[in-house]
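Take a look at the structure below.
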Amino acid sequence: MDLWQLLLTLALAGSSDAFSGSEDSSKEPKFTKCRSPERETFSCHWTDAVHRGSKSLGPIQLFYTRRNIQEWTQEWKECPDYVSAGENSCYFNSSFTSIWIPYCIKLTSNGGTVDEKCFSVDEIVQPDPPIALNWTLLNVSLTGIHADIQVRWEAPPNADIQKGWMVLEYELQYKEVNETQWKMMDPILSTSVPVYSLKVDKEYEVRVRSKQRNSGNYGEFSEVLYVTLPQMNQFTCEEDFYFPWLLIIIFGIFGLTVMLFVFLFSKQQRIKMLILPPVPVPKIKGIDPDLLKEGKLEEVNTILAIHDSYKPEFHSDDSWVEFIELDIDEPDEKNEGSDTDRLLSSDHQKSHSNLGVKDGDSGRTSCYEPDILETDFNANDIHEGASEVAQPQRLKGETDLLCLDQKNQNKSPYHDACPATQQPSVIQAEKNKPQPLPTDGAESTHQAAHIQLSNPSSLANIDFYAQVSDITPAGSVVLSPGQKNKAGMSQCDMHLEMVSLCQENFIMDNAYFCEADAKKCIPVAPHIKVESHIEPSFNQEDIYITTESLTTTAGRPGTTEHIPGSEMPVPDYTSIHLVQSPQGLILNATALPLPDKEFLSSCGYVSTDQLNKIMP
Amino acid sequence: MNIKGSPWKGFLLLLLVSNLLLCQNVAPLPVCPGGAARCQVTLRDLFDRAVVLSHYIHNLSSEMFSEFDKRYTHGRGFITRTINSCHTSSLPTPEDKEQAQQINQKDFLSLIVSILRSWNEPLYHLVTEVRGMQEAPEAILSKAVEIEEQTKRLLEGMELIVSQVHPETKENEIYPVWSGLPSLQMADEESRLSAYYNLLHCLRRDSHKIDNYLKLLKCRIIHNNNC
């Protein structure tokens, strides 16, 4: 039993020893760190031994040796100071410290070397952290977002910098407060360094550590320096802030100019019209202005004759000129009568030849007078600027009214009634459009014209010169025909005109027509209505009215159909009592017998008294 | 011809490279006509340039040693095995700050000059031997060449400083002599490596001493202990 207990105890002891041995081996004291902060002293630290092992092994000792000159002395000296550097440490003061002499230390426990280490002091230099960190603001960026600061510190106090014993270099690290990674700067030899581009609204941490130059390791970091950059209001720089009036004005003007130009370019045409209104140029529908400039009158006249709107006004700017023109070459014209006749009526052939316009139409070749007269009036229109507007309808049939058409020999009721005398009245400017006429009407007109032609002698009654008695407001000339007996003519014309009046296209203006004609055309033939028809005829411009024509009717007997060649003495001049442009002329019935009502139906001449009777 | 020509070419190439390297890092010494005793450069500038040179030499030495150790002898315990005695150990160089503060200025300067002089020959042989190695490590060789060049220039600068600070100092040609050449040429690789290791280790230490001493002197002489 005792042997068993002894064996068991021994076994336990052995196992415990084995366990303790392993533990001890794993927990042997080892040098952890040897450090010299200022290169004048150094200290070494080791791990503490386990209690179990320490008791068994004995106290730990540190021995050191210095390799002196050419000797590797194996004389180990024990640590001079186990206390100053703390527990498990050995402190070597300056007297024991040599810089360029290597040291070897060993750790012993119970006589057995536990650990050994050799080094030189320069290798273990680890300076203390710098002290007295502070920062100053260098500048702030113009945007106020970033700023630069200068960080200053002092060398660790135990490092002898003044004598040059130690030369330190520093490393600065900084980061934002909520960041995890430190930003490192390059080593610096001086004790101040600028830090650039820190954000103004963030808080930063700065720390510095030092190291001996060329040897040793970095020491511990200094205390953290908190950098809070002052938030500067960006708009508080009152000194340099000024409202850029000049810039605003310049840019405003520039912008307005650009807009103005854009506007001008977009409305170029309209503005051009406003600034430079187009000068009215005489235009003839369908006429090429260039052709006119060339001066080929014959061609132009041909073209004009073809076209509906015929206005060879370019030839004569004066409508009166045509009336005065003489064509001595044609004997017919001379036979026809005095100049007055020509002037008044219509020897349009002459003018036709003068103008050089060849009328290809059969019914118009010889009946050019109305054309000319019409053209005159057209010229007036043109001059007034109304070229194509409200052109009086041209009645083709009417063109023959006053001309002597030799072709048509057909008789009409009006045939006898149309003496050779020509009607001094002139049909006003009419558009050069062929007006469809009733066949009988056209024929009648032709016939009338023919009759007129056939009796040129009647025209002789007209003096060569006619006095212009008056000018209507419309511009037409009122001539005094003198001795001319217009009765027949008037009658003839009346008929013709009446026929023409029947046409819808009858020109409302400048049409001098007889009441009788109007009566025939209009199914209802009240005097008033005739008057109304007549009146509009006077409305037109350029009505060519002769007092003689006006008065002739008064003196005429009531016969409508026939007017013999007898002539009725008509006063040369009849004063116009009243000119009511839209309503017609009211003549003074001086020596005129009052026509009866029949008269009214016979002719369009209306005297004042007649008018008074007629008009309500 | 080829055997003769190639070393010359290599030498010229080395010179060119070294010149380029020098131009990179080192500020030129003051231009003094033909080594005249008196130069117009101020003592402050002389010290500044000396410190720069010494610092540069120490950097090169440290790098060379690190490369050598990493390449040949790392982890092989050479530091404990080697005798680690330098030929300049006989010089009474201050080993800590108190000793450095106690030594006078004149002795201090002459001491520095002696160390610099004593390293002329070892550096020369180092370059020759490294270049002659089978696999000449280019990094070590270039640094060795550079260190040799710069050490000569530093010596010249120091002599100028001495002539300015202590003109009456006689030229003391006593300096420790290096006798480690046979060890560099030993057949045993282990012994050879140990010799190289020791040489480079000593070079690093002495360059560090020189750098430290010059900084101390600069602060003492120029800035009056208030660097």
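Simple scheme: letters A, B, ... for chains in structure tokens order, numbers from 1 for residues in each chain, numbers from 1 for ligands in the order shown.
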
- [ ] Write out as a ChimeraX atom specification which residues come within 10 Å of segment 202-209 of chain B when counting only C-alpha atoms, dropping same-chain ones fewer than 3 positions away.
- [x] /A:99-101,120,122,214-215 /B:54-66,84-89,93-95,112,115-116,119,122-123,147,151,196-199,212-215

- [ ] Dump as a PyMOL selection string the residues of chain A that approach chain B to within 9 Å, counting only C-alpha atoms.
- [x] chain A and resi 39-40+67-72+94-95+97-102+104+118-119+161-167+214-215

Task: Members of segment 134-179 of chain A assigned strand (DSSP E) by DSSP, as a PyMOL selection string - done: chain A and resi 134-140+146-154+168-176

TODO: Give me the residues within 9 Å of Asp81 of chain A as number ranges by chain, counting only C-alpha atoms and dropping any in the same chain fewer than 3 places off.
DONE: A: 78, 84-85, 89-93

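Take atom CA of Arg153 of chain B and atom CA of Leu53 of chain B: the distance between them is 8.2 Å.
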
Open item on the list: Need to verify the contact set: Leu126 of chain B, 9 Å, only C-alpha atoms, exclusion of same-chain residues closer than 5 positions in sequence. Can you return it as a PyMOL selection string?
Closed with: chain B and resi 121+131+141+144-145+181+184+196+199

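Each of A:Tyr64, A:Ser43, A:Lys175, A:Glu223 was checked against Tyr82 of chain A using only C-alpha atoms; the smallest atom-to-atom distance is that of A:Ser43.
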
TODO: Using only C-alpha atoms, determine which residues lie at most 9 Å from Arg44 of chain B, disregarding the query and same-chain residues fewer than 3 positions distant; provide the list as a PyMOL selection string.
DONE: chain B and resi 41+47-49+218+221-222

Go ahead and save the residues from that selection, with C-alpha atoms, as a short mmCIF file (atom, residue, chain, number, x, y, z; two decimals), in the first residue's frame.
data_model
loop_
_atom_site.label_atom_id
_atom_site.label_comp_id
_atom_site.auth_asym_id
_atom_site.auth_seq_id
_atom_site.Cartn_x
_atom_site.Cartn_y
_atom_site.Cartn_z
CA VAL B 41 33.93 79.65 -47.85
CA PHE B 47 30.41 72.44 -41.49
CA ASP B 48 27.10 72.25 -43.25
CA ARG B 49 28.64 70.50 -46.18
CA LYS B 218 28.72 71.93 -35.61
CA ILE B 221 31.12 75.66 -32.76
CA ILE B 222 28.60 77.24 -35.07
#
